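Text of data04.cif (mmCIF, C-alpha atoms) as supplied:
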```
data_model
#
loop_
_atom_site.label_atom_id
_atom_site.label_comp_id
_atom_site.auth_asym_id
_atom_site.auth_seq_id
_atom_site.Cartn_x
_atom_site.Cartn_y
_atom_site.Cartn_z
CA MET N 276 109.23 -29.03 -19.93
CA ILE N 277 107.79 -26.75 -17.27
CA MET N 278 105.00 -25.21 -19.36
CA LEU N 279 103.68 -28.67 -20.20
CA GLN N 280 103.88 -29.89 -16.60
CA GLU N 281 101.94 -26.83 -15.46
CA LYS N 282 99.27 -27.42 -18.09
CA ILE N 283 98.95 -31.06 -17.01
CA LYS N 284 98.63 -30.04 -13.33
CA LEU N 285 96.06 -27.41 -14.19
CA GLU N 286 93.89 -29.23 -16.74
CA GLY N 287 94.75 -32.93 -16.63
CA LYS N 288 92.12 -35.22 -15.12
CA VAL N 289 93.34 -38.23 -13.18
CA LEU N 290 90.68 -40.85 -13.89
CA SER N 291 92.47 -43.69 -12.10
CA ASP N 292 95.97 -44.74 -10.97
CA GLN N 293 96.62 -45.61 -14.62
CA VAL N 294 94.68 -43.08 -16.67
CA LEU N 295 95.34 -39.37 -17.20
CA LYS N 296 92.93 -37.50 -19.45
CA VAL N 297 94.29 -34.43 -21.26
CA ASP N 298 91.37 -33.82 -23.58
CA SER N 299 91.46 -30.05 -23.08
CA PHE N 300 94.79 -29.44 -24.81
CA LEU N 301 96.09 -32.57 -26.58
CA ASN N 302 93.70 -35.44 -27.25
CA HIS N 303 90.44 -33.80 -28.26
CA GLN N 304 90.81 -30.04 -27.90
CA ILE N 305 94.26 -28.83 -28.95
CA ASP N 306 96.14 -25.80 -27.61
CA PRO N 307 98.05 -24.50 -30.66
CA PHE N 308 100.44 -22.34 -28.60
CA LEU N 309 101.41 -25.21 -26.33
CA MET N 310 101.89 -27.40 -29.42
CA ARG N 311 104.22 -24.79 -30.90
CA GLU N 312 106.31 -24.82 -27.73
CA VAL N 313 106.28 -28.64 -27.76
CA GLY N 314 107.52 -28.51 -31.35
CA LYS N 315 110.31 -26.11 -30.44
CA GLU N 316 111.35 -28.32 -27.52
CA PHE N 317 111.50 -31.50 -29.63
CA ALA N 318 113.37 -29.58 -32.35
CA GLY N 319 115.90 -28.32 -29.81
CA ARG N 320 116.54 -31.81 -28.49
CA PHE N 321 116.90 -33.46 -31.89
CA LYS N 322 118.35 -30.63 -33.97
CA ASN N 323 121.73 -32.31 -34.45
CA GLU N 324 120.29 -35.64 -35.54
CA GLY N 325 119.87 -34.86 -39.23
CA ILE N 326 116.15 -35.60 -39.17
CA THR N 327 114.64 -35.83 -42.66
CA LYS N 328 111.18 -37.05 -41.66
CA ILE N 329 108.83 -37.21 -38.72
CA LEU N 330 106.59 -40.24 -38.29
CA THR N 331 103.57 -40.25 -36.02
CA LEU N 332 100.22 -41.97 -35.60
CA GLU N 333 96.80 -40.43 -36.22
CA SER N 334 95.17 -38.50 -34.62
CA SER N 335 96.69 -37.01 -31.45
CA GLY N 336 100.28 -37.23 -32.68
CA ILE N 337 99.64 -34.93 -35.63
CA ALA N 338 99.60 -31.50 -33.94
CA PRO N 339 102.89 -31.85 -32.01
CA SER N 340 104.50 -33.47 -35.06
CA VAL N 341 103.55 -30.72 -37.49
CA MET N 342 104.93 -28.07 -35.14
CA THR N 343 108.15 -30.05 -34.78
CA GLY N 344 108.37 -30.49 -38.54
CA LEU N 345 108.08 -26.75 -38.98
CA GLU N 346 111.08 -26.21 -36.69
CA LEU N 347 113.20 -29.06 -38.09
CA ASN N 348 112.29 -28.37 -41.71
CA ALA N 349 111.01 -31.92 -42.17
CA PRO N 350 107.76 -33.31 -43.54
CA VAL N 351 105.46 -35.31 -41.28
CA VAL N 352 103.98 -38.69 -42.16
CA PHE N 353 101.11 -39.99 -40.07
CA ALA N 354 100.46 -43.72 -39.94
CA ARG N 355 96.88 -44.65 -40.59
CA LYS N 356 94.87 -46.97 -38.40
CA ARG N 357 93.01 -49.73 -40.15
CA SER N 358 89.67 -47.99 -39.85
CA SER N 359 90.76 -45.08 -42.01
CA LEU N 360 92.85 -47.00 -44.49
CA THR N 361 92.36 -45.76 -48.01
CA LEU N 362 96.01 -46.25 -48.89
CA LYS N 363 96.95 -48.14 -52.00
CA GLY N 364 100.21 -49.45 -53.39
CA LYS N 365 103.19 -50.65 -51.36
CA LEU N 366 102.26 -50.57 -47.68
CA LEU N 367 104.44 -50.79 -44.61
CA THR N 368 102.36 -52.21 -41.77
CA ALA N 369 102.66 -53.21 -38.13
CA ALA N 370 100.33 -54.72 -35.55
CA VAL N 371 99.72 -52.59 -32.47
CA TYR N 372 97.99 -53.99 -29.42
CA SER N 373 95.94 -51.52 -27.41
CA PHE N 374 95.68 -52.43 -23.72
CA THR N 375 93.03 -49.73 -23.28
CA LYS N 376 90.74 -51.10 -25.96
CA GLN N 377 91.98 -54.69 -25.63
CA GLU N 378 92.29 -55.14 -29.35
CA GLU N 379 94.98 -55.41 -31.96
CA ASN N 380 95.07 -52.84 -34.73
CA THR N 381 97.02 -52.65 -37.93
CA ILE N 382 98.76 -49.36 -38.63
CA ALA N 383 100.09 -48.54 -42.07
CA VAL N 384 102.27 -46.11 -43.98
CA SER N 385 102.64 -45.87 -47.72
CA GLY N 386 106.08 -46.94 -48.93
CA GLU N 387 106.12 -43.80 -51.07
CA HIS N 388 106.79 -41.53 -48.12
CA LEU N 389 109.51 -43.36 -46.22
CA ASN N 390 112.68 -44.91 -47.60
CA GLU N 391 116.26 -45.89 -46.83
CA THR N 392 117.58 -42.35 -47.25
CA ASP N 393 115.48 -41.08 -44.33
CA ARG N 394 116.50 -40.34 -40.72
CA VAL N 395 113.25 -40.54 -38.83
CA LEU N 396 112.06 -38.94 -35.63
CA ILE N 397 109.09 -40.85 -34.22
CA ILE N 398 106.67 -38.67 -32.24
CA ASP N 399 103.65 -39.70 -30.20
CA ASP N 400 101.38 -38.04 -27.68
CA PHE N 401 101.57 -40.69 -24.93
CA LEU N 402 104.00 -43.42 -23.97
CA ALA N 403 102.50 -46.10 -21.73
CA ASN N 404 103.40 -49.68 -22.64
CA GLY N 405 105.26 -48.65 -25.80
CA GLN N 406 103.21 -50.67 -28.26
CA ALA N 407 102.43 -47.76 -30.59
CA ALA N 408 106.05 -46.56 -30.66
CA LEU N 409 107.26 -50.12 -31.33
CA GLY N 410 104.77 -50.39 -34.19
CA LEU N 411 106.04 -47.15 -35.69
CA ALA N 412 109.65 -48.34 -35.23
CA GLU N 413 108.78 -51.58 -37.02
CA ILE N 414 107.43 -49.56 -39.96
CA VAL N 415 110.61 -47.47 -40.13
CA LYS N 416 112.67 -50.66 -40.09
CA GLN N 417 110.66 -52.10 -43.00
CA SER N 418 111.29 -48.95 -45.02
CA GLY N 419 115.04 -49.26 -44.58
CA ALA N 420 115.22 -45.83 -42.93
CA GLU N 421 117.10 -45.08 -39.72
CA ILE N 422 115.43 -44.17 -36.42
CA ALA N 423 117.09 -41.08 -34.97
CA GLY N 424 114.97 -41.03 -31.84
CA ILE N 425 111.55 -41.08 -30.26
CA GLY N 426 109.85 -37.94 -28.96
CA ILE N 427 106.99 -38.35 -26.49
CA VAL N 428 104.79 -35.57 -25.16
CA ILE N 429 103.70 -37.37 -21.97
CA GLU N 430 105.38 -40.50 -20.64
CA LYS N 431 103.74 -42.56 -17.93
CA SER N 432 107.03 -43.70 -16.42
CA PHE N 433 105.28 -46.10 -14.06
CA GLN N 434 104.34 -48.24 -17.07
CA ASP N 435 107.03 -50.20 -18.86
CA GLY N 436 107.11 -48.64 -22.34
CA GLY N 437 109.91 -46.17 -21.64
CA LYS N 438 112.14 -48.85 -20.13
CA LEU N 439 111.39 -51.20 -23.02
CA LEU N 440 112.28 -48.63 -25.70
CA ARG N 441 115.44 -47.43 -23.93
CA GLU N 442 116.63 -51.01 -23.43
CA LYS N 443 116.29 -51.50 -27.17
CA GLY N 444 118.76 -48.65 -27.60
CA PHE N 445 116.36 -45.96 -28.76
CA ARG N 446 116.95 -42.39 -27.69
CA VAL N 447 113.64 -41.49 -26.03
CA GLU N 448 112.93 -37.87 -25.14
CA SER N 449 109.77 -37.31 -23.11
CA LEU N 450 108.69 -33.76 -22.36
CA ALA N 451 106.76 -34.70 -19.23
CA ARG N 452 107.48 -37.89 -17.28
CA ILE N 453 104.82 -38.96 -14.83
CA GLU N 454 106.00 -41.09 -11.95
CA SER N 455 102.63 -41.68 -10.38
CA LEU N 456 98.91 -40.92 -10.65
CA GLU N 457 98.14 -42.33 -7.21
CA ASN N 458 95.66 -40.63 -4.89
CA GLY N 459 94.30 -38.61 -7.80
CA ALA N 460 97.47 -36.51 -8.07
CA VAL N 461 100.01 -36.15 -10.86
CA GLN N 462 103.57 -36.66 -9.62
CA PHE N 463 106.33 -35.91 -12.14
CA LEU N 464 109.56 -37.87 -12.17
CA ASP N 465 111.89 -34.88 -12.25
CA GLU N 466 110.10 -33.25 -9.32
CA THR N 467 111.04 -36.30 -7.27
CA GLU N 468 114.59 -36.21 -8.60
CA ALA N 469 114.93 -32.54 -7.74
CA VAL N 470 113.99 -33.27 -4.13
CA ARG N 471 116.51 -36.08 -3.74
CA MET R 232 95.78 -19.43 -52.96
CA ILE R 233 98.52 -19.65 -55.54
CA MET R 234 101.05 -21.63 -53.47
CA LEU R 235 98.44 -24.31 -52.81
CA GLN R 236 97.36 -24.48 -56.46
CA GLU R 237 100.98 -24.90 -57.51
CA LYS R 238 101.48 -27.69 -54.99
CA ILE R 239 98.35 -29.46 -56.23
CA LYS R 240 99.51 -29.16 -59.86
CA LEU R 241 102.97 -30.43 -58.97
CA GLU R 242 102.15 -33.27 -56.59
CA GLY R 243 98.43 -34.05 -56.83
CA LYS R 244 97.52 -37.33 -58.51
CA VAL R 245 94.33 -37.41 -60.55
CA LEU R 246 93.04 -40.94 -60.02
CA SER R 247 89.76 -40.42 -61.87
CA ASP R 248 87.38 -37.64 -62.95
CA GLN R 249 86.21 -37.58 -59.32
CA VAL R 250 89.27 -38.37 -57.22
CA LEU R 251 92.34 -36.23 -56.53
CA LYS R 252 94.98 -37.72 -54.26
CA VAL R 253 97.14 -35.30 -52.28
CA ASP R 254 98.87 -37.77 -50.01
CA SER R 255 102.25 -36.09 -50.34
CA PHE R 256 101.36 -32.88 -48.50
CA LEU R 257 97.93 -33.10 -46.84
CA ASN R 258 96.31 -36.50 -46.36
CA HIS R 259 99.15 -38.80 -45.36
CA GLN R 260 102.40 -36.89 -45.54
CA ILE R 261 102.01 -33.30 -44.35
CA ASP R 262 104.01 -30.27 -45.49
CA PRO R 263 104.29 -28.12 -42.33
CA PHE R 264 105.30 -24.97 -44.24
CA LEU R 265 102.36 -25.18 -46.60
CA MET R 266 100.08 -25.80 -43.62
CA ARG R 267 101.43 -22.66 -41.95
CA GLU R 268 100.60 -20.65 -45.06
CA VAL R 269 97.15 -22.26 -45.21
CA GLY R 270 96.66 -21.25 -41.57
CA LYS R 271 97.68 -17.67 -42.30
CA GLU R 272 95.32 -17.54 -45.28
CA PHE R 273 92.32 -18.82 -43.30
CA ALA R 274 93.18 -16.45 -40.45
CA GLY R 275 93.32 -13.50 -42.83
CA ARG R 276 89.93 -14.32 -44.32
CA PHE R 277 88.19 -14.87 -40.97
CA LYS R 278 90.09 -12.43 -38.73
CA ASN R 279 87.11 -10.09 -38.23
CA GLU R 280 84.67 -12.86 -37.34
CA GLY R 281 85.46 -13.06 -33.61
CA ILE R 282 86.36 -16.75 -33.82
CA THR R 283 86.69 -18.39 -30.38
CA LYS R 284 87.08 -21.98 -31.53
CA ILE R 285 88.01 -24.06 -34.55
CA LEU R 286 86.20 -27.32 -35.18
CA THR R 287 87.56 -29.97 -37.53
CA LEU R 288 87.40 -33.72 -38.13
CA GLU R 289 90.23 -36.19 -37.54
CA SER R 290 92.70 -36.78 -39.08
CA SER R 291 93.51 -34.64 -42.13
CA GLY R 292 91.75 -31.54 -40.84
CA ILE R 293 94.03 -31.27 -37.80
CA ALA R 294 97.20 -29.80 -39.34
CA PRO R 295 95.55 -26.88 -41.20
CA SER R 296 93.31 -26.23 -38.16
CA VAL R 297 96.15 -26.05 -35.65
CA MET R 298 98.03 -23.58 -37.84
CA THR R 299 94.88 -21.47 -38.19
CA GLY R 300 94.29 -21.63 -34.44
CA LEU R 301 97.80 -20.34 -33.86
CA GLU R 302 97.08 -17.30 -36.04
CA LEU R 303 93.57 -16.63 -34.71
CA ASN R 304 94.48 -17.33 -31.07
CA ALA R 305 91.77 -19.98 -30.82
CA PRO R 306 91.86 -23.60 -29.60
CA VAL R 307 91.07 -26.42 -32.01
CA VAL R 308 88.61 -29.22 -31.33
CA PHE R 309 88.69 -32.28 -33.55
CA ALA R 310 85.60 -34.42 -33.86
CA ARG R 311 86.24 -38.11 -33.35
CA LYS R 312 85.05 -40.79 -35.70
CA ARG R 313 83.27 -43.72 -34.13
CA SER R 314 86.27 -45.99 -34.46
CA SER R 315 88.40 -43.87 -32.15
CA LEU R 316 85.71 -42.91 -29.69
CA THR R 317 86.94 -42.98 -26.13
CA LEU R 318 84.94 -39.92 -25.17
CA LYS R 319 82.74 -40.00 -22.11
CA GLY R 320 80.12 -37.65 -20.67
CA LYS R 321 77.84 -35.39 -22.68
CA LEU R 322 78.41 -36.01 -26.37
CA LEU R 323 77.38 -33.99 -29.40
CA THR R 324 77.05 -36.36 -32.36
CA ALA R 325 76.12 -36.35 -36.02
CA ALA R 326 75.82 -38.98 -38.74
CA VAL R 327 78.09 -38.49 -41.75
CA TYR R 328 77.64 -40.52 -44.89
CA SER R 329 80.79 -41.25 -46.85
CA PHE R 330 80.19 -41.70 -50.57
CA THR R 331 83.77 -42.94 -50.98
CA LYS R 332 83.41 -45.73 -48.44
CA GLN R 333 79.63 -46.07 -48.89
CA GLU R 334 79.01 -46.16 -45.17
CA GLU R 335 77.55 -43.96 -42.49
CA ASN R 336 79.76 -42.91 -39.61
CA THR R 337 79.01 -41.21 -36.35
CA ILE R 338 81.23 -38.28 -35.47
CA ALA R 339 81.32 -36.89 -31.95
CA VAL R 340 82.55 -33.97 -29.88
CA SER R 341 82.51 -33.68 -26.11
CA GLY R 342 80.05 -31.08 -24.86
CA GLU R 343 82.84 -29.81 -22.57
CA HIS R 344 84.68 -28.13 -25.41
CA LEU R 345 81.92 -26.33 -27.31
CA ASN R 346 79.14 -24.18 -25.91
CA GLU R 347 76.75 -21.32 -26.61
CA THR R 348 79.41 -18.65 -26.02
CA ASP R 349 81.53 -19.89 -28.95
CA ARG R 350 81.87 -18.50 -32.49
CA VAL R 351 83.11 -21.45 -34.47
CA LEU R 352 85.16 -21.71 -37.63
CA ILE R 353 84.71 -25.15 -39.21
CA ILE R 354 87.77 -26.34 -41.15
CA ASP R 355 88.16 -29.41 -43.31
CA ASP R 356 90.70 -30.66 -45.83
CA PHE R 357 88.31 -31.48 -48.68
CA LEU R 358 84.83 -30.39 -49.71
CA ALA R 359 83.08 -32.77 -52.10
CA ASN R 360 79.43 -33.52 -51.31
CA GLY R 361 79.51 -31.54 -48.08
CA GLN R 362 78.46 -34.34 -45.75
CA ALA R 363 81.38 -33.93 -43.32
CA ALA R 364 80.92 -30.15 -43.10
CA LEU R 365 77.18 -30.58 -42.55
CA GLY R 366 77.89 -33.08 -39.78
CA LEU R 367 80.25 -30.62 -38.10
CA ALA R 368 77.68 -27.84 -38.51
CA GLU R 369 75.05 -30.07 -36.89
CA ILE R 370 77.36 -30.56 -33.89
CA VAL R 371 77.91 -26.81 -33.54
CA LYS R 372 74.15 -26.30 -33.66
CA GLN R 373 73.61 -28.85 -30.88
CA SER R 374 76.15 -27.03 -28.71
CA GLY R 375 74.29 -23.74 -29.06
CA ALA R 376 77.39 -22.07 -30.53
CA GLU R 377 77.36 -19.91 -33.66
CA ILE R 378 78.97 -20.89 -36.95
CA ALA R 379 81.11 -18.03 -38.24
CA GLY R 380 82.14 -19.80 -41.41
CA ILE R 381 83.58 -22.84 -43.10
CA GLY R 382 87.18 -23.00 -44.31
CA ILE R 383 88.09 -25.64 -46.87
CA VAL R 384 91.57 -26.42 -48.14
CA ILE R 385 90.49 -28.03 -51.43
CA GLU R 386 86.98 -27.76 -52.85
CA LYS R 387 85.88 -29.98 -55.68
CA SER R 388 83.50 -27.43 -57.15
CA PHE R 389 82.12 -29.92 -59.68
CA GLN R 390 80.50 -31.80 -56.79
CA ASP R 391 77.53 -30.27 -55.01
CA GLY R 392 78.83 -29.68 -51.46
CA GLY R 393 79.91 -26.08 -51.97
CA LYS R 394 76.57 -25.12 -53.54
CA LEU R 395 74.67 -26.90 -50.77
CA LEU R 396 76.56 -25.16 -47.97
CA ARG R 397 76.38 -21.70 -49.59
CA GLU R 398 72.63 -22.11 -50.20
CA LYS R 399 72.23 -22.79 -46.49
CA GLY R 400 73.76 -19.37 -45.87
CA PHE R 401 77.18 -20.47 -44.66
CA ARG R 402 80.19 -18.38 -45.56
CA VAL R 403 82.45 -20.92 -47.28
CA GLU R 404 86.06 -20.01 -48.03
CA SER R 405 87.95 -22.55 -50.13
CA LEU R 406 91.65 -22.01 -50.74
CA ALA R 407 91.69 -24.01 -53.98
CA ARG R 408 88.56 -24.62 -56.02
CA ILE R 409 88.77 -27.37 -58.60
CA GLU R 410 86.42 -27.06 -61.54
CA SER R 411 87.37 -30.31 -63.22
CA LEU R 412 89.60 -33.35 -63.03
CA GLU R 413 88.74 -34.49 -66.54
CA ASN R 414 91.41 -35.93 -68.84
CA GLY R 415 93.72 -36.44 -65.90
CA ALA R 416 94.29 -32.70 -65.45
CA VAL R 417 93.46 -30.37 -62.59
CA GLN R 418 91.53 -27.31 -63.74
CA PHE R 419 90.98 -24.60 -61.12
CA LEU R 420 87.82 -22.51 -61.08
CA ASP R 421 89.54 -19.13 -60.81
CA GLU R 422 91.85 -19.94 -63.71
CA THR R 423 88.76 -20.26 -65.89
CA GLU R 424 87.31 -17.08 -64.43
CA ALA R 425 90.53 -15.20 -65.10
CA VAL R 426 90.37 -16.18 -68.77
CA ARG R 427 86.78 -15.01 -69.18
#
```
Using structure tokens, write down the structure that the file contains.
Amino acid sequence: MIMLQEKIKLEGKVLSDQVLKVDSFLNHQIDPFLMREVGKEFAGRFKNEGITKILTLESSGIAPSVMTGLELNAPVVFARKRSSLTLKGKLLTAAVYSFTKQEENTIAVSGEHLNETDRVLIIDDFLANGQAALGLAEIVKQSGAEIAGIGIVIEKSFQDGGKLLREKGFRVESLARIESLENGAVQFLDETEAVR
Amino acid sequence: MIMLQEKIKLEGKVLSDQVLKVDSFLNHQIDPFLMREVGKEFAGRFKNEGITKILTLESSGIAPSVMTGLELNAPVVFARKRSSLTLKGKLLTAAVYSFTKQEENTIAVSGEHLNETDRVLIIDDFLANGQAALGLAEIVKQSGAEIAGIGIVIEKSFQDGGKLLREKGFRVESLARIESLENGAVQFLDETEAVR
């Protein structure tokens, strides 16, 4: 997605070979117009999948998910992290290990909002090692619903999450795929492919 | 806002005289179409205020804020709670006491995304005792920006937050104002006024 790549080049901050900060439009400040385009792009890619529900994780997944839900005519459910759990009743939960924070967190969704009649599109802001997406997939599995696919705003393709998810048979659609953050520069995967 | 009142009547769960649960369209599952209408309504009420930025609090404030930002052509900044703090650099922070959880939390915004040139619309999902809104207002004050107003999706008018904020001179616009949750029923303030 060209508009997203340009935004990343313009405003993304490469903090190390592993870490890209996009706090100006996705993870802290949000650009609503870019999010609307992200929503349209996800909707275009998954429009024939019969999506009935979008599942994401608080907080940065919410904006792209709501815009996608608007286009696909599907409600959005956001999984809660342990720290904000005020959910009661039947809970679907999964453990998610964060390499960044070096801690395991429980994420949870109420069983009221996901069931075996649903076809679910999982959306998240970043894909690095895939732990968050796998946690969300585990929750969908517990609910009896089907996973139609996984939509990622920014994939760090040099980490193993994308490979892991695709090997498990999931359809993963990433709107920007970063091949490298070396030497302080963002290199996208499809730029490299285009040159070959 | 009639559409919102109808949704609350239809899907809201009155858990006690104090607690209304709206997990099916705002706080856990999100209705993107309702959020778009909420965004349009906030935008209509604040369109002449010269808003340059919307400030909200993760996680439930994000969806209505992004839709409002789309209408007002303004970026959204969401304050982080302590538990999800990965912010670095100059931080604007405030302490927010939660009566529900009986604990004090620090909320924070990066100084990069809010400054003295901004006119800020604060948006939150619920207004009860006003502590979250006051914390957000404190952060705006620290940044040197101006507060143009406070937009609330659901105000529990029988708690003192609305009175507190209006007495401080803030323009508070609440899209649904609940006068009472007694006897398991939602009574809106303007319904009562209409009868008078």
Show me, as a PDB file with C-alpha atoms, keeping the file's coordinate frame, the residues of chain R whose atoms get within 7 Å of chain N, using only C-alpha atoms for the distance check.
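Written out: selection-v3.pdb:
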```
ATOM      1  CA  HIS R 259      99.150 -38.800 -45.360  1.00  0.00           C
ATOM      2  CA  GLN R 260     102.400 -36.890 -45.540  1.00  0.00           C
ATOM      3  CA  ILE R 261     102.010 -33.300 -44.350  1.00  0.00           C
ATOM      4  CA  ASP R 262     104.010 -30.270 -45.490  1.00  0.00           C
ATOM      5  CA  PRO R 263     104.290 -28.120 -42.330  1.00  0.00           C
ATOM      6  CA  PHE R 264     105.300 -24.970 -44.240  1.00  0.00           C
ATOM      7  CA  GLU R 289      90.230 -36.190 -37.540  1.00  0.00           C
ATOM      8  CA  SER R 290      92.700 -36.780 -39.080  1.00  0.00           C
ATOM      9  CA  ILE R 293      94.030 -31.270 -37.800  1.00  0.00           C
ATOM     10  CA  ALA R 294      97.200 -29.800 -39.340  1.00  0.00           C
ATOM     11  CA  VAL R 297      96.150 -26.050 -35.650  1.00  0.00           C
ATOM     12  CA  GLY R 300      94.290 -21.630 -34.440  1.00  0.00           C
ATOM     13  CA  LEU R 301      97.800 -20.340 -33.860  1.00  0.00           C
ATOM     14  CA  PRO R 306      91.860 -23.600 -29.600  1.00  0.00           C
ATOM     15  CA  VAL R 307      91.070 -26.420 -32.010  1.00  0.00           C
ATOM     16  CA  VAL R 308      88.610 -29.220 -31.330  1.00  0.00           C
ATOM     17  CA  PHE R 309      88.690 -32.280 -33.550  1.00  0.00           C
ATOM     18  CA  SER R 314      86.270 -45.990 -34.460  1.00  0.00           C
ATOM     19  CA  HIS R 344      84.680 -28.130 -25.410  1.00  0.00           C
TER      20      HIS R 344
END
```
Original post:
Could you write out as number ranges by chain the residues that the PyMOL selection byres ((chain R and resi 243) around 6) matches in the shown file?
Top reply: R: 239-240, 242, 244, 252-253
Subject >> Å distance separating CA of Ile233 in chain R from CA of Val384 in chain R, one decimal place >> reply: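 So the two atoms, CA of Ile233 in chain R and CA of Val384 in chain R, lie 12.2 Å apart.
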Original post:
Using all atoms listed in the file, which residues sit within 8 Å of Met276 in chain N once same-chain residues fewer than 6 positions away are excluded, as a list in words?
Top reply: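 Close residues of Met276 in chain N: Glu316, Leu450 and Ala451 of chain N.
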Please save C-alpha atoms of the selected residues as a compact mmCIF listing (two decimals), keeping the file's coordinate frame.
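As a result, result_36.txt now contains:
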```txt
# COMPACT_ATOMS: atom_id res chain seq x y z
CA GLU N 316 111.35 -28.32 -27.52
CA LEU N 450 108.69 -33.76 -22.36
CA ALA N 451 106.76 -34.70 -19.23
```
Subject >> the PyMOL selection byres ((chain R and resi 321-329) around 7) resolved against shown file, as a ChimeraX atom specification >> reply: /R:319-320,330-342,362-363,366,369-370,373
Subject >> Point-to-point distance from CA of Glu410 in chain R to CA of Phe277 in chain R, Å rounded to tenths >> reply: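 Here the two named atoms are 24.0 Å from each other.
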Original post:
By how many Å are CA of Ala364 in chain R and CA of Ala376 in chain R apart?
Top reply: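 We find that CA of Ala364 in chain R and CA of Ala376 in chain R lie 15.4 Å from each other.
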**OP:** Compile the contact shell of Arg320 in chain N as a PyMOL selection string: residues with an atom at most 12 Å away, counting only C-alpha atoms, same-chain residues fewer than 5 positions apart removed.
**Re:** chain N and resi 276+313-315+325-326+343+346-347+396+423-427+446-450
Enclose the full set of atoms of range 296-315 of chain N listed in the file within a box whose edges lie along x, y and z, apply 6 Å of padding to each of the six sides, and report centre and edge lengths in Å to one decimal as lines of an AutoDock Vina configuration file.
```
center_x = 100.4
center_y = -29.9
center_z = -25.4
size_x = 31.9
size_y = 27.2
size_z = 23.9
```
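Of the residues under consideration (R:Ala274, R:Ala368, R:Leu251, R:Met234), R:Ala368 shows the shortest atom-to-atom contact distance to Leu396 in chain R when counting only C-alpha atoms.
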Subject >> Pick from N:Ile422, N:Ile453, N:Leu439, N:Val294, whichever lies nearest to Ile398 in chain N using only C-alpha atoms >> reply: N:Ile422
Original post:
Evaluating the PyMOL selection byres ((chain N and resi 293) around 9) on the displayed file yields which residues, as a list in words?
Top reply: Val289, Leu290, Ser291, Asp292, Val294, Leu295, Lys431, Phe433, Gln434, Ser455, Leu456 and Glu457 of chain N
Please, can range 413-425 of chain N be completed to N, CA and C atoms and returned as a short mmCIF file (atom, residue, chain, number, x, y, z; two decimals), in the frame of the given file?
```
data_model
loop_
_atom_site.label_atom_id
_atom_site.label_comp_id
_atom_site.auth_asym_id
_atom_site.auth_seq_id
_atom_site.Cartn_x
_atom_site.Cartn_y
_atom_site.Cartn_z
N GLU N 413 108.82 -50.42 -36.10
CA GLU N 413 108.78 -51.58 -37.02
C GLU N 413 108.56 -51.10 -38.47
N ILE N 414 107.69 -50.11 -38.62
CA ILE N 414 107.43 -49.56 -39.96
C ILE N 414 108.67 -48.87 -40.52
N VAL N 415 109.37 -48.12 -39.68
CA VAL N 415 110.61 -47.47 -40.13
C VAL N 415 111.62 -48.53 -40.58
N LYS N 416 111.73 -49.58 -39.78
CA LYS N 416 112.67 -50.66 -40.09
C LYS N 416 112.35 -51.28 -41.46
N GLN N 417 111.07 -51.54 -41.70
CA GLN N 417 110.66 -52.10 -43.00
C GLN N 417 111.04 -51.21 -44.17
N SER N 418 111.01 -49.90 -43.93
CA SER N 418 111.29 -48.95 -45.02
C SER N 418 112.78 -48.86 -45.32
N GLY N 419 113.61 -49.38 -44.41
CA GLY N 419 115.04 -49.26 -44.58
C GLY N 419 115.62 -47.97 -44.02
N ALA N 420 114.75 -47.10 -43.50
CA ALA N 420 115.22 -45.83 -42.93
C ALA N 420 115.83 -46.06 -41.55
N GLU N 421 116.52 -45.02 -41.05
CA GLU N 421 117.10 -45.08 -39.72
C GLU N 421 116.19 -44.37 -38.72
N ILE N 422 116.16 -44.85 -37.50
CA ILE N 422 115.43 -44.17 -36.42
C ILE N 422 116.42 -43.31 -35.64
N ALA N 423 116.19 -42.00 -35.67
CA ALA N 423 117.09 -41.08 -34.97
C ALA N 423 116.69 -40.95 -33.50
N GLY N 424 115.42 -41.15 -33.22
CA GLY N 424 114.97 -41.03 -31.84
C GLY N 424 113.46 -41.06 -31.76
N ILE N 425 112.99 -41.04 -30.53
CA ILE N 425 111.55 -41.08 -30.26
C ILE N 425 111.21 -39.92 -29.33
#
```
